[in-house]
Structures are given as structure tokens and as C-alpha cells.
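> Shown below is the structure under consideration.
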Amino acid sequence: MTARITAFKAVLAATIFFAAAPSWAENVLYRGNAGEPTTLDQHHTSINIEEFILKDLYEGLTIYDAKGVIVPGAAESWTESDDGLTYTFKIRDNAKWSDGSPVTADDFVFSFRRAEDPKTAAAYANILYPIKNAEKINKGELPVDQLGARAVDAKTLELTVAQPTPYFLELLAHQTALPLSKANVEKNGADFVKPGVLVSNGAFKLAEHVANDHLTLVKNPEHWDAANTKLDKVVFYPLEDQAAAVRRYEAGELHVDYNFSADQLPRLRQQFGNEVHVSPALATYYYVFDTRNAPMNDVRVRQALAMGVDRDFLANEIYKGAQQPLYSWIPPGLGNYGEPEKADFANKSQLDREDEALKLLKEAGYGEGGKPLTIEIRYNTNPNHERVATAIADMWKTAFGAQVSLVNLDVSSHYAYLQEGGKFSVARAGWTADYGDAENFLALNTTANKTFNYPHWSNADYDALMAKSYTEKDPAARQKLMHQAEAILVKEQPVTALLVNNDLWLVSKKVQGWYDNANNQHLSRFLSVQN
Amino acid sequence: MISFILRRLASAVPTLFIVVTISFFMMRFAPGGPFNLERPLPPQTMENLNRAYGLDLPLWQQYLRYLGNVVQGDFGPSYVYRDNTVDQLIAMGLPYSIRLGMMALLVALIGGVAAGTYAALRQNSLTDLLVMSVSTVGVTVPNFVVGPVLTLIFAVLLAWLPAGGWGDGSLRFLILPTIALALPQLAVFARLMRGAMIEALHADHIRTVRAYGLPPRTVIVTHAMRAALLPIVSYLAPCAAALLTGSAVIESIFTIPGVGRYFVIGAINRDYTLVMGTVVLIAIFVIVFNLVVDLLYGLLDPRVRHE
């Protein structure tokens with residue numbers, strides 16, 4: 001076996017040598033990206049495979065560094081007014097577009113207005129809603145020039161927020177807040193996203209794009225920090241077939257590959273060791289109880305069902321360790337939030353949880369001798385979601401004698417049903433954070449949130465705590481309010497968190513400067529390839 | 001002949017109209033829309049998106065608008081790939097699909113006819129058995145198995161060929177996807193050819209030319225082959241239409257930038273215009289190849305005449 005592996009590695013090394021030979025002098029990174037970007041327009045984008053490319057092309061006012069921490073980007077510094085409502089950004093003097101023209105405050109104003117213009121129909125317009133009048137503009141109630149974004153001079157940008165927004169700097173690092181060259185977009189219209197036309201202000205510029213084959217970025221010599229960009233070229237491959245992506249990594253055609261099938265994890269770990277990166281994401285997998293109807297309007301039933309799920313089984317048997325059990329609503333990994341609030345059953349054994357759950361159900365009048373417990377689990381069609389639903393149905397049947405049926409719809413239909421208020425008993429949902437702040441998760445369950453409050457849960461204390469957290473200026477006090485809100489949520493269990501997703505990466509030993517981080521931020525400018 | 005072609009093309013217009021109409025309404029019966037994503041969008045954003053693409057209009061207005069645009073050759077914007085129109089996506093992808101499909105078609109046709117003829121001439125021999133067993137495997141093993149197995153052997157273990165991608169379009173990038181795409185069709189051609197050839201060899205006119213003492217080569221190639229090719233030619237139309245418009249499976253396994261994936265991606269994401277565009281594209285290919293096959297029939301079979 002050893003001999004075969006050695007021979008295999010020798011062949012592999014030879015391939016890589018020959019593959020790399022023509023571009024010996026160049027430092028090129030080959031990145032497997034989990035699919036074809038649907039757009040290169042920062043205002044149309046909505047998924048992270050686009051984010052990886054866009055953040056290599058463009059640089060926002062703030063950026064995430066290699067470790068996923070917010071640092072200055074196109075802005076070298078900023079000040080915040082005492083009332084927390086006005087931010088003044090100083091844009092770097094040497095910040096330039098790839099065509100050599102300077103990056104100005106006007107470019108940012110233009111870009112933010114475009115994001116909120118209803119005609120643009122930006123997928124993530126809501127990211128910039130904290131900016132004064134943004135939401136009204138996006139609804140078509142005000143003209144775009146009423147946006148709270150103003151160019152004081154060429155290099156000074158003033159942003160006004162409607163109310164203090166403690167996570168504002170995080171929002172500005174989102175791909176929707178990336179700037180556009182006003183001159184270029186006005187000249188070329190919708191074609192500004194094409195190679196040869198696209199002008200960017202990040203560490204790279206667009207060289208080539210063959211849809212569904214590859215997308216090539218080359219180093220942007222005009223970038224203010226170009227001296228520290230080690231890569232000459234980054235090639236993104238849109239590899240929607242995860243197994244095919246792994247084979248290309250094995251064949252030495254990729255340095256980095258994003259997302260592989262969880263069932264490959266044990267094998268890949270054995271074969272590639274620490275080239276396999278499993279990094280907890282700010283993304284949760286949860287079940288929703290429809291609190292409008294019996295029996296799910298009874299908190300005891302919800303708690304019991306939440307306890308009846310063996311999360312370790314889901315994480316280890318179904319996801320093979322590619323996901324981790326989650327007992328809190330907020331996933332771990334948010335630096336400023338600290339340890340999330342776990343449900344009180346988190347520290348008990350599964351057997352104890354089931355005993356307690358049976359007691360709760362009996363009190364509520366269900367189970368043996370009581371009313372029969374009938375449950376329907378809805379999920380979006382996907383082999384893993386099906387396995388999870390089947391396992392949970394079995395757990396509830398075995399532990400509580402519940403009658404459980406399963407219903408699955410394709411993803412569009414599933415979420416349309418939840419968002420349009422369709423009745424159900426239990427449904428699967430997932431949430432991936434748009435910015436690294438606990439608020440992003442907690443805001444889902446406020447009464448005011450008509451779209452994402454799938455359980456239709458309403459709790460006055462929770463709403464009050466969240467409302468207070470928005471106006472709280474002291475960061476520590478604000479985190480405390482959010483902790484209190486989370487504690488209510490995990491006690492009431494209108495939603496029960498099951499798993500936290502991991503970001504799965506294959507990163508070759510040749511790649512330098514890679515750090516796993518919960519924000520899943522991996523700008524190519526911080527990476528290099530050691531041949 | 002010319003009038004036959006013109007008549008056939010004219011009859012394609014109502015066919016395409018029916019295809020467009022049925023698929024337009026079938027797509028809309030599916031619940032959800034292009035903007036109901038796993039990562040759901042806020043209602044205001046949905047409203048803006050629906051307005052931007054005219055999805056807020058009554059369905060009959062959308063239909064008439066769509067029909068008006070299609071007549072002018074405009075299949076509308078893609079809802080998923082927002083940087084591109086459907087016309088652009090098809091124009092970018094189709095040359096890749098056609099090139100790969102053409103190669104696969106040639107491999108399948110030549111390989112299948114040769115293998116089938118060879119097996120027919122040695123009916124019930126060991127060679128015949130071997131060819132037929134291999135072709136049974138070719139038909140039954142799906143290409144999502146063949147593709148990965150080929151890559152594992154030739155790209156990962158032996159490292160002779162690239163594991164995927166179009167690269168510079170040179171032959172070494174196309175060998176594996178061509179084989180994976182051609183294999184099932186090659187097997188079908190081989191089985192059809194064997195059956196038809198055996199039948200042709202027993203036909204009266206073949207016995208007659210044999211009795212005249214014509215050399216076996218002439219008997220087979222000039223006389224038997226002509227009759228035996230008829231079922232092959234009938235199968236050619238659907239086969240060519242399928243291969244040239246790309247295969248979603250092969251394209252995603254080998255990262256080929258063709259149009260085959262758009263039908264599947266479009267249907268899953270409710271990208272109405274993209275699905276319609278690919279449906280019409282496939283319909284056009286089927287119509288054209290059926291016409292070509294009918295013309296070929298006229299050449300091969302003296303009993304068929306197109307007036």
C-alpha cells in the first residue's frame with residue numbers, strides 16, 4: 001500500500017511539475033469554486049462563490065483580513081460621531097481603479113445609490129438599509145439622491161445612519177457595499193461586468209471569463225498595496241459537481257477547493273491529512289415549529305421535541321463530522337459575542353433528555369394515555385435533509401410514539417411556502433449570516449420580521465430586548481441584551497437549532513497564508529503558492 | 001425536394017408555437033419563483049426583482065410579451081445568470097456543446113456501425129458475444145458512473161489526461177468527455193446495426209447478389225449495408241439532437257462550458273426564460289434532424305421519394 005501511495009505521489013508530483021512548467025515564473029493560484037457565479041455585479045450577487053471573486057476584484061471601505069477580522073480597506077481611517085449616526089471615511093490617497101483613475105467618495109455614493117435604486121433590484125439591498133433613507137429609496141418612496149451618503153470632497157465620504165448600528169463596519173465589508181467606478185458604469189452600462197470592460201479597485205482585475213469553464217484574475221498593479229500581493233494570477237474553476245472537484249484536486253489541478261461532499265470527509269482526511277480544513281461557519285441548520293397551531297403552540301411540546309433529537313447522531317453519522325451539534329441559537333465563532341446561550345438540556349445525556357421530554361409531553365397531555373402526537377416534517381429535497389428528517393422521525397417515533405410523516409418540496413417551493421405563511425407542523429430551515437454579528441441571527445425571530453419568522457412566534461420580552469439592543473451604545477451592554485434575548489429563544493424553542501455547518505476546504509500544502517475563520521473570508525491577496 | 005423541405009420547415013412554426021406555449025404555462029404551474037432561494041430574500045427585494053423582470057404583470061400579459069419577444073429572436077434575460085440574456089448564454093455555450101457532441105456522435109456512429117457489422121458477420125461467435133456484452137454494459141451503465149471512473153483511471157491514477165475543463169480545447173481535454181458521452185450511444189448503434197445487418201444478410205436480394213458471385217466485400221458494403229443502415233438513420237435524429245445540445249451530467253462532471261446544464265439549472269431555479277430557451281433550442285434541433293433523416297431515407301431507400 002505504501003509503495004503504491006509513493007508511486008501515486010510521484011506521478012502526482014510529475015503532473016504538477018509539468019502542469020506548472022509553462023508558467024514557472026508566475027505565481028498562480030488555482031481555486032476550485034463551488035459553482036458558476038450567476039453575476040459579477042456586486043448589486044445582483046447573493047451567494048458566496050460570487051463573493052470570493054468579487055472581493056478579489058473590488059475593495060470596500062472595510063475588508064476582512066486573512067483571519068476574518070475587519071480592517072481598513074479602501075478607507076484608511078474613519079471617525080464616528082458621538083451620537084453614532086455619522087461616519088466619516090477618509091479614502092486612501094493612493095486608492096486607484098485598475099484603469100489608473102482615483103477611487104473617489106463619489107464612486108461610493110454612486111455605488112450605494114445604485115444598490116438602493118429599486119430599478120437595480122439588488123438582491124442584498126437590505127444590507128445597506130441602516131443608511132439613512134435607504135429602505136424608503138429601495139421601496140420607491142424617495143428619490144435616490146436622498147440617500148445618507150455624501151461626498152464631502154474627492155477623498156472624504158460621509159455616511160449617515162438612521163439609528164446607531166453597532167455592526168455597520170461589518171456591513172460595509174459585504175460584497176454589496178463594494179464600490180463601482182462611476183465613470184466606467186455610466187459609460188458601459190450593464191456590460192461593465194465583462195472582461196476587458198470591468199474596472200476594479202481591488203488587488204486583482206478581470207482578465208478572462210468563460211462561463212462554466214474558468215474565470216481568470218490577474219494582479220492589479222494599480223492597487224495601493226500591490227507590492228504585497230504575491231500572486232500574479234488567480235484562476236477560479238466553477239466546479240458544481242463536488243466529486244469532480246475532488247478528483248481535480250487529487251489530480252493536482254487545483255490548489256484550493258471549496259465544498260466537498262460530507263461523506264468524502266473520512267477518506268479525504270486519510271489521504272490528505274491536514275490539507276482538509278473543517279471550519280465552523282456562521283451557518284445553522286434548524287427545525288421550525290409552527291407556533292400558531294396545537295400541539296406546537298405548547299412550549300412543553302416544543303421543548304420535548306427539541307430534546308428528542310440526538311444531535312450527535314446527526315453530526316457524526318449523517319454528516320460524518322462535517323457538521324457539529326448545536327444547542328444555542330447563535331453558532332460559536334463570533335468573537336465579540338462570546339459563548340452563546342445553550343438550551344439547558346445541552347449538558348444532559350440523550351437518555352436523560354428523553355426522560356425529561358416524556359414528562360413534559362405527559363404534562364401537555366400527549367403520549368402514552370394522552371392525545372396522539374401527529375407530526376409532519378417538511379424539508380427541501382436534498383439527500384442529506386432527507387436522511388436528517390428520516391432519522392429525526394425515527395427518534396420521535398421511538399421515544400414518544402409520535403406519528404411522523406415526511407413531505408419534501410424542491411427548494412424554491414419549500415421556502416416560498418414558509419415565507420408566504422403556509423401552515424405546517426415542523427419544517428427545516430437554514431440560515432447563513434450576512435455579517436459577523438449575533439443580531440443577524442436574533443433578528444429572524446422578532447414579531448416584526450414578517451418574512452423569516454417562520455414559526456410565527458411572538459414574545460414581547462424578546463422583542464423589547466432586541467429593540468433595546470439597537471439603541472444601546474455600549475458594546476458590552478449590547479452583547480448582554482442579545483444574550484438575554486437568546487436565552488429566551490432557546491428556552492421557548494420556537495425554532496430548534498440542530499447543527500452548525502462547517503465550511504469544507506481542501507487547501508494544498510503549497511498554499512501559504514491560509515487561516516480558517518468563521519466568516520469564511522479568504523481573499524487571494526493574502527495567499528501565495530510555494531512551488 | 002425543395003418544396004418538401006419548405007413545407008416541413010413551415011410546419012415547424014406551429015410546432016414551436018405549441019412547444020413554447022405548453023412549456024411557458026407548465027413552468028408557471030410549478031410552485032415558487034426564480035427568486036425563492038435557500039437563502040431567502042426580503043419581501044421588498046422580491047418585489048423589486050419581480051417588477052424589474054415584469055413578473056408582477058398578469059400571466060397572460062407576460063405570455064404575450066414573451067411571445068412577442070421570441071418572434072423577434074429575443075428569449076429574454078436569464079433570472080439566474082443576471083449578467084446575461086438567454087440568447088447570450090446559448091450563443092456562448094452552444095459552440096462547445098456542438099463540438100463535443102459532434103465528436104461523440106462520430107465516435108458513436110463509426111464505432112457502433114463497425115462493431116455491429118463485425119458482430120453480425122460473426123454471428124454467435126465469441127467475438128459477437130464479446131461485442132454484445134460490452135455494448136450491453138455501455139447501455140446500462142449510466143454516464144455519471146462512466147465519467148468519474150474514466151477520470152479516476154486516466155487523470156488521477158495514470159495522470160495521462162486532464163481531470164476536467166475545456167482548457168485550450170485541444171484533443172487531450174476532450175478525449176474523456178467524448179468517450180463518456182459517446183459510449184451509451186455507441187452501444188445502441190452497435191446493437192441496432194447487428195440486428196439490422198443480420199436481417200439484411202438474410203434478405204432475398206443479398207442472396208441474389210451472392211448467387212451472382214459478387215465478392216463478399218461488395219455484397220456487404222454496397223448492398224447489405226445500405227439496407228442495414230435504415231434503423232441507424234432513424235435513431236440518428238433523436239441521438240444527434242441530444243448529443244449536440246449537450247448533456248447536463250457530462251458537462252458538470254468534466255466542467256464543459258456547454259448549454260446542456262442550462263435546462264436542469266433553469267428548471268431547478270425556476271429560471272423561466274432559460275428553460276424556455278433551451279426547450280426551444282432542443283425542439284429546433286429535433287425538427288432539423290428529423291428533416292435531415294427523412295432526406296437521408298430518400299437517398300438510402302429507393303422506395304422513399306420526397307415530392
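Convention: chains lettered A, B, ... in C-alpha cells order; per-chain residue numbering from 1; ligands numbered from 1 as shown.
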For A:Thr374, please output as a CSV table (one decimal) with all heavy atoms, in the first residue's frame all residues within 8 Å (counting only C-alpha atoms; exclusion window: fewer than 5 positions along the same chain).


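Output below, filename part-v7.csv:
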```
chain,number,residue,atom,x,y,z
A,402,ALA,N,-44.7,9.0,18.5
A,402,ALA,CA,-45.3,10.0,17.7
A,402,ALA,C,-45.6,9.4,16.3
A,402,ALA,O,-44.8,8.5,15.8
A,402,ALA,CB,-44.4,11.3,17.5
A,403,GLN,N,-46.6,9.9,15.6
A,403,GLN,CA,-46.9,9.6,14.2
A,403,GLN,C,-46.2,10.6,13.4
A,403,GLN,O,-46.6,11.8,13.4
A,403,GLN,CB,-48.4,9.7,13.9
A,403,GLN,CG,-49.2,8.6,14.6
A,403,GLN,CD,-49.2,7.3,13.9
A,403,GLN,OE1,-48.9,7.3,12.7
A,403,GLN,NE2,-49.6,6.2,14.5
A,404,VAL,N,-45.1,10.2,12.7
A,404,VAL,CA,-44.4,11.3,11.9
A,404,VAL,C,-44.5,10.9,10.4
A,404,VAL,O,-44.2,9.8,10.0
A,404,VAL,CB,-42.9,11.3,12.4
A,404,VAL,CG1,-42.3,12.6,11.7
A,404,VAL,CG2,-42.9,11.4,13.9
```

> If we count only C-alpha atoms, what is near B:Ile282 at a cut-off of 10 Å, once residues fewer than 4 positions away on the same chain are taken out, given as a PDB file with N, CA and C atoms, in the first residue's frame?


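Once everything was written out, this is around.pdb:
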```
ATOM      1  N   PRO B 238     -32.952  11.623 -33.080  1.00  0.00           N
ATOM      2  CA  PRO B 238     -33.003  11.955 -31.643  1.00  0.00           C
ATOM      3  C   PRO B 238     -31.622  11.944 -31.009  1.00  0.00           C
ATOM      4  N   ALA B 241     -29.713  15.177 -31.909  1.00  0.00           N
ATOM      5  CA  ALA B 241     -30.301  16.320 -31.203  1.00  0.00           C
ATOM      6  C   ALA B 241     -29.874  16.300 -29.734  1.00  0.00           C
ATOM      7  N   ALA B 242     -29.863  15.105 -29.135  1.00  0.00           N
ATOM      8  CA  ALA B 242     -29.495  15.005 -27.717  1.00  0.00           C
ATOM      9  C   ALA B 242     -28.018  15.312 -27.517  1.00  0.00           C
ATOM     10  N   LEU B 244     -25.844  17.001 -29.472  1.00  0.00           N
ATOM     11  CA  LEU B 244     -25.372  18.330 -29.859  1.00  0.00           C
ATOM     12  C   LEU B 244     -25.876  19.417 -28.928  1.00  0.00           C
ATOM     13  N   THR B 245     -26.976  19.168 -28.226  1.00  0.00           N
ATOM     14  CA  THR B 245     -27.455  20.200 -27.301  1.00  0.00           C
ATOM     15  C   THR B 245     -26.896  19.982 -25.899  1.00  0.00           C
ATOM     16  N   GLY B 246     -25.921  19.106 -25.781  1.00  0.00           N
ATOM     17  CA  GLY B 246     -25.184  18.988 -24.526  1.00  0.00           C
ATOM     18  C   GLY B 246     -25.840  18.078 -23.517  1.00  0.00           C
ATOM     19  N   GLY B 260     -25.878  22.223 -22.086  1.00  0.00           N
ATOM     20  CA  GLY B 260     -26.645  21.085 -21.573  1.00  0.00           C
ATOM     21  C   GLY B 260     -27.138  21.299 -20.161  1.00  0.00           C
ATOM     22  N   PHE B 263     -30.761  23.557 -18.970  1.00  0.00           N
ATOM     23  CA  PHE B 263     -32.132  23.089 -18.797  1.00  0.00           C
ATOM     24  C   PHE B 263     -32.368  22.675 -17.344  1.00  0.00           C
ATOM     25  N   MET B 276     -37.172  27.912 -21.100  1.00  0.00           N
ATOM     26  CA  MET B 276     -37.874  28.065 -22.382  1.00  0.00           C
ATOM     27  C   MET B 276     -36.872  28.118 -23.521  1.00  0.00           C
ATOM     28  N   GLY B 277     -35.799  28.862 -23.306  1.00  0.00           N
ATOM     29  CA  GLY B 277     -34.779  28.995 -24.346  1.00  0.00           C
ATOM     30  C   GLY B 277     -34.194  27.641 -24.715  1.00  0.00           C
ATOM     31  N   THR B 278     -33.868  26.828 -23.704  1.00  0.00           N
ATOM     32  CA  THR B 278     -33.255  25.541 -24.009  1.00  0.00           C
ATOM     33  C   THR B 278     -34.280  24.585 -24.625  1.00  0.00           C
ATOM     34  N   VAL B 286     -34.334  18.934 -32.860  1.00  0.00           N
ATOM     35  CA  VAL B 286     -35.090  17.714 -33.178  1.00  0.00           C
ATOM     36  C   VAL B 286     -35.764  17.862 -34.533  1.00  0.00           C
ATOM     37  N   ILE B 287     -36.384  19.040 -34.774  1.00  0.00           N
ATOM     38  CA  ILE B 287     -37.080  19.258 -36.042  1.00  0.00           C
ATOM     39  C   ILE B 287     -36.097  19.175 -37.202  1.00  0.00           C
ATOM     40  N   VAL B 288     -34.963  19.855 -37.065  1.00  0.00           N
ATOM     41  CA  VAL B 288     -33.994  19.885 -38.153  1.00  0.00           C
ATOM     42  C   VAL B 288     -33.449  18.486 -38.430  1.00  0.00           C
TER      43      VAL B 288
END
```

> I'd like the contact shell of stretch 51-53 of chain B - 10 Å cut-off, only C-alpha atoms, skipping same-chain residues fewer than 3 positions apart - returned as a PyMOL selection string.

(chain A and resi 118-121) or (chain B and resi 45-48+56-57+62+76-79)

> Just the selected residues (N, CA, C and O atoms), exported as an mmCIF file, in the first residue's frame, please.


```
data_model
loop_
_atom_site.group_PDB
_atom_site.id
_atom_site.type_symbol
_atom_site.label_atom_id
_atom_site.label_comp_id
_atom_site.auth_asym_id
_atom_site.auth_seq_id
_atom_site.Cartn_x
_atom_site.Cartn_y
_atom_site.Cartn_z
ATOM 1 N N PRO A 118 -34.586 51.027 -6.708
ATOM 2 C CA PRO A 118 -35.423 49.832 -6.947
ATOM 3 C C PRO A 118 -35.230 49.259 -8.347
ATOM 4 O O PRO A 118 -35.434 48.072 -8.558
ATOM 5 N N LYS A 119 -34.837 50.109 -9.299
ATOM 6 C CA LYS A 119 -34.650 49.612 -10.668
ATOM 7 C C LYS A 119 -33.502 48.609 -10.751
ATOM 8 O O LYS A 119 -33.503 47.722 -11.596
ATOM 9 N N THR A 120 -32.504 48.752 -9.869
ATOM 10 C CA THR A 120 -31.392 47.800 -9.865
ATOM 11 C C THR A 120 -31.843 46.442 -9.360
ATOM 12 O O THR A 120 -31.311 45.420 -9.763
ATOM 13 N N ALA A 121 -32.862 46.443 -8.481
ATOM 14 C CA ALA A 121 -33.351 45.203 -7.860
ATOM 15 C C ALA A 121 -32.194 44.408 -7.260
ATOM 16 O O ALA A 121 -31.973 43.244 -7.586
ATOM 17 N N THR B 45 -37.103 43.241 -1.621
ATOM 18 C CA THR B 45 -36.201 42.850 -2.694
ATOM 19 C C THR B 45 -36.935 42.016 -3.733
ATOM 20 O O THR B 45 -36.769 42.212 -4.940
ATOM 21 N N MET B 46 -37.775 41.083 -3.239
ATOM 22 C CA MET B 46 -38.564 40.251 -4.157
ATOM 23 C C MET B 46 -39.426 41.114 -5.060
ATOM 24 O O MET B 46 -39.507 40.893 -6.263
ATOM 25 N N GLU B 47 -40.053 42.120 -4.419
ATOM 26 C CA GLU B 47 -40.951 42.992 -5.177
ATOM 27 C C GLU B 47 -40.185 43.724 -6.272
ATOM 28 O O GLU B 47 -40.619 43.790 -7.414
ATOM 29 N N ASN B 48 -38.998 44.270 -5.897
ATOM 30 C CA ASN B 48 -38.190 44.993 -6.885
ATOM 31 C C ASN B 48 -37.756 44.069 -8.016
ATOM 32 O O ASN B 48 -37.771 44.452 -9.184
ATOM 33 N N ASP B 56 -44.466 40.828 -12.176
ATOM 34 C CA ASP B 56 -45.611 41.286 -11.389
ATOM 35 C C ASP B 56 -46.844 41.464 -12.273
ATOM 36 O O ASP B 56 -47.939 41.681 -11.779
ATOM 37 N N LEU B 57 -46.663 41.346 -13.595
ATOM 38 C CA LEU B 57 -47.798 41.522 -14.509
ATOM 39 C C LEU B 57 -48.680 40.277 -14.485
ATOM 40 O O LEU B 57 -48.231 39.202 -14.105
ATOM 41 N N GLN B 62 -47.690 38.576 -19.435
ATOM 42 C CA GLN B 62 -46.318 38.076 -19.510
ATOM 43 C C GLN B 62 -46.162 37.162 -20.720
ATOM 44 O O GLN B 62 -45.163 37.201 -21.434
ATOM 45 N N GLY B 76 -35.177 36.804 -23.861
ATOM 46 C CA GLY B 76 -35.285 37.500 -22.586
ATOM 47 C C GLY B 76 -34.061 37.343 -21.714
ATOM 48 O O GLY B 76 -33.117 36.634 -22.061
ATOM 49 N N PRO B 77 -34.075 38.017 -20.560
ATOM 50 C CA PRO B 77 -32.938 37.940 -19.641
ATOM 51 C C PRO B 77 -33.011 36.647 -18.843
ATOM 52 O O PRO B 77 -34.095 36.122 -18.627
ATOM 53 N N SER B 78 -31.855 36.132 -18.445
ATOM 54 C CA SER B 78 -31.876 34.985 -17.540
ATOM 55 C C SER B 78 -32.089 35.510 -16.132
ATOM 56 O O SER B 78 -31.494 36.511 -15.744
ATOM 57 N N TYR B 79 -32.956 34.832 -15.353
ATOM 58 C CA TYR B 79 -33.190 35.287 -13.980
ATOM 59 C C TYR B 79 -32.090 34.826 -13.043
ATOM 60 O O TYR B 79 -31.875 35.409 -11.998
#
```

> Between B:Val71, B:Val19, B:Ala248, B:Ala108, which one has atoms that come closest to B:Ile265, using only C-alpha atoms?

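Nearest to B:Ile265: B:Ala248.
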
> With distances taken over only C-alpha atoms, which of A:Val529, A:Leu157, A:Leu265, A:Val144 is nearest to A:Glu76?

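The answer is A:Leu157, which sits nearest to A:Glu76.
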
> Against chain A, which residues of chain B fall within 6 Å? For each one I want the closest pair of atoms and the distance in Å (one decimal), counting only C-alpha atoms, rows by chain and increasing residue number, as JSON lines.


```
{"residue": "B:Pro31", "atom": "CA", "partner": "A:Ser413", "partner_atom": "CA", "distance": 5.1}
{"residue": "B:Gly32", "atom": "CA", "partner": "A:Ser413", "partner_atom": "CA", "distance": 4.5}
{"residue": "B:Asn36", "atom": "CA", "partner": "A:Ser412", "partner_atom": "CA", "distance": 4.8}
{"residue": "B:Leu37", "atom": "CA", "partner": "A:Ser412", "partner_atom": "CA", "distance": 5.7}
{"residue": "B:Asn48", "atom": "CA", "partner": "A:Ala121", "partner_atom": "CA", "distance": 4.9}
{"residue": "B:Leu49", "atom": "CA", "partner": "A:Ala121", "partner_atom": "CA", "distance": 4.9}
{"residue": "B:Val80", "atom": "CA", "partner": "A:Thr38", "partner_atom": "CA", "distance": 6.0}
{"residue": "B:Tyr81", "atom": "CA", "partner": "A:Thr38", "partner_atom": "CA", "distance": 4.2}
{"residue": "B:Arg82", "atom": "CA", "partner": "A:Thr39", "partner_atom": "CA", "distance": 5.6}
{"residue": "B:Asp83", "atom": "CA", "partner": "A:Thr39", "partner_atom": "CA", "distance": 5.3}
{"residue": "B:Val156", "atom": "CA", "partner": "A:Ala251", "partner_atom": "CA", "distance": 4.7}
{"residue": "B:Ala163", "atom": "CA", "partner": "A:Arg248", "partner_atom": "CA", "distance": 5.4}
{"residue": "B:Ser252", "atom": "CA", "partner": "A:Asp241", "partner_atom": "CA", "distance": 5.7}
{"residue": "B:Ile253", "atom": "CA", "partner": "A:Ala244", "partner_atom": "CA", "distance": 5.5}
{"residue": "B:Thr255", "atom": "CA", "partner": "A:Asp213", "partner_atom": "CA", "distance": 5.9}
{"residue": "B:Pro257", "atom": "CA", "partner": "A:Asn212", "partner_atom": "CA", "distance": 4.5}
```

> Step one, run DSSP on the backbone; step two, keep only residues of stretch 76-123 of chain A assigned to strand (DSSP E); then write them as a list in words.

Glu76, Ser77, Trp78, Thr79, Glu80, Thr86, Tyr87, Thr88, Phe89, Lys90 and Ile91 of chain A

> Which residue out of A:Pro295, A:Pro340, A:Pro266, A:Pro72 has the minimum interatomic distance to A:Tyr319 when only C-alpha atoms are used?

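Of the candidates, the smallest distance to A:Tyr319 is held by A:Pro266.
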
> Could you list, as a list in words, every residue within 12 Å of B:Phe289, counting only C-alpha atoms and ignoring same-chain residues fewer than 5 positions away?

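These residues fall inside the cut-off: Arg8, Leu9, Val233, Ser234, Tyr235, Leu236, Ala237, Pro238, Cys239, Ala240, Ala241, Ala242, Leu243, Leu244, Ile282, Ala283, Ile284, Asp294, Leu295 and Leu296 of chain B.
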
> Only C-alpha atoms, please: the residues just picked out, written as a PDB file, in the first residue's frame.


```pdb
ATOM      1  CA  ARG B   8     -41.547  20.774 -43.467  1.00  0.00           C
ATOM      2  CA  LEU B   9     -39.964  23.993 -42.198  1.00  0.00           C
ATOM      3  CA  VAL B 233     -30.504   6.589 -39.615  1.00  0.00           C
ATOM      4  CA  SER B 234     -33.877   6.677 -37.828  1.00  0.00           C
ATOM      5  CA  TYR B 235     -32.119   6.656 -34.488  1.00  0.00           C
ATOM      6  CA  LEU B 236     -29.676   9.297 -35.665  1.00  0.00           C
ATOM      7  CA  ALA B 237     -32.199  12.150 -35.368  1.00  0.00           C
ATOM      8  CA  PRO B 238     -33.003  11.955 -31.643  1.00  0.00           C
ATOM      9  CA  CYS B 239     -29.419  10.914 -30.900  1.00  0.00           C
ATOM     10  CA  ALA B 240     -27.838  13.859 -32.716  1.00  0.00           C
ATOM     11  CA  ALA B 241     -30.301  16.320 -31.203  1.00  0.00           C
ATOM     12  CA  ALA B 242     -29.495  15.005 -27.717  1.00  0.00           C
ATOM     13  CA  LEU B 243     -25.719  14.959 -28.159  1.00  0.00           C
ATOM     14  CA  LEU B 244     -25.372  18.330 -29.859  1.00  0.00           C
ATOM     15  CA  ILE B 282     -33.777  21.323 -28.375  1.00  0.00           C
ATOM     16  CA  ALA B 283     -37.059  21.451 -30.318  1.00  0.00           C
ATOM     17  CA  ILE B 284     -35.307  23.164 -33.230  1.00  0.00           C
ATOM     18  CA  ASP B 294     -36.110  11.959 -43.856  1.00  0.00           C
ATOM     19  CA  LEU B 295     -33.882  13.268 -46.616  1.00  0.00           C
ATOM     20  CA  LEU B 296     -31.290  10.568 -45.899  1.00  0.00           C
TER      21      LEU B 296
END
```

> Just list the residues in stretch 67-287 of chain B DSSP gives alpha helix (DSSP H) on the backbone, as a ChimeraX atom specification.

/B:67-71,86-121,126-140,143-151,171-201,204-211,216-218,225-244,248-254,260-269,272-287

> Using atom CA of B:His202 and atom CA of B:Gln185 as the two end points, give the distance in Å to one decimal.

26.0 Å

> In Å, how far is it from atom CA of A:Ala391 to atom CA of A:Gly370?

24.4 Å

> If we count only C-alpha atoms, what is near A:Tyr258 at a cut-off of 8 Å, once residues fewer than 6 positions away on the same chain are taken out, given as an MDAnalysis selection string?

chainID A and resid 31:34 503:506

> Considering only C-alpha atoms, return as a ChimeraX atom specification whatever protein or nucleic-acid residues lie within 8 Å of stretch 471-481 of chain A, sequence-local ones (same chain, fewer than 2 positions apart) excluded.

/A:84,163-166,336-337,465-469,483-485

> For a test of reading the model, state the distance in Å between atom CA of B:Ile198 and atom CA of B:Ala114, rounded to one decimal.

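For atom CA of B:Ile198 relative to atom CA of B:Ala114, the distance reads 13.6 Å.
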
> Which of these, A:Gly367, A:Phe400, A:Asp463, A:Val495, has the shortest distance to A:Val426 once you count only C-alpha atoms?

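Of all the options, A:Val495 lies closest to A:Val426.
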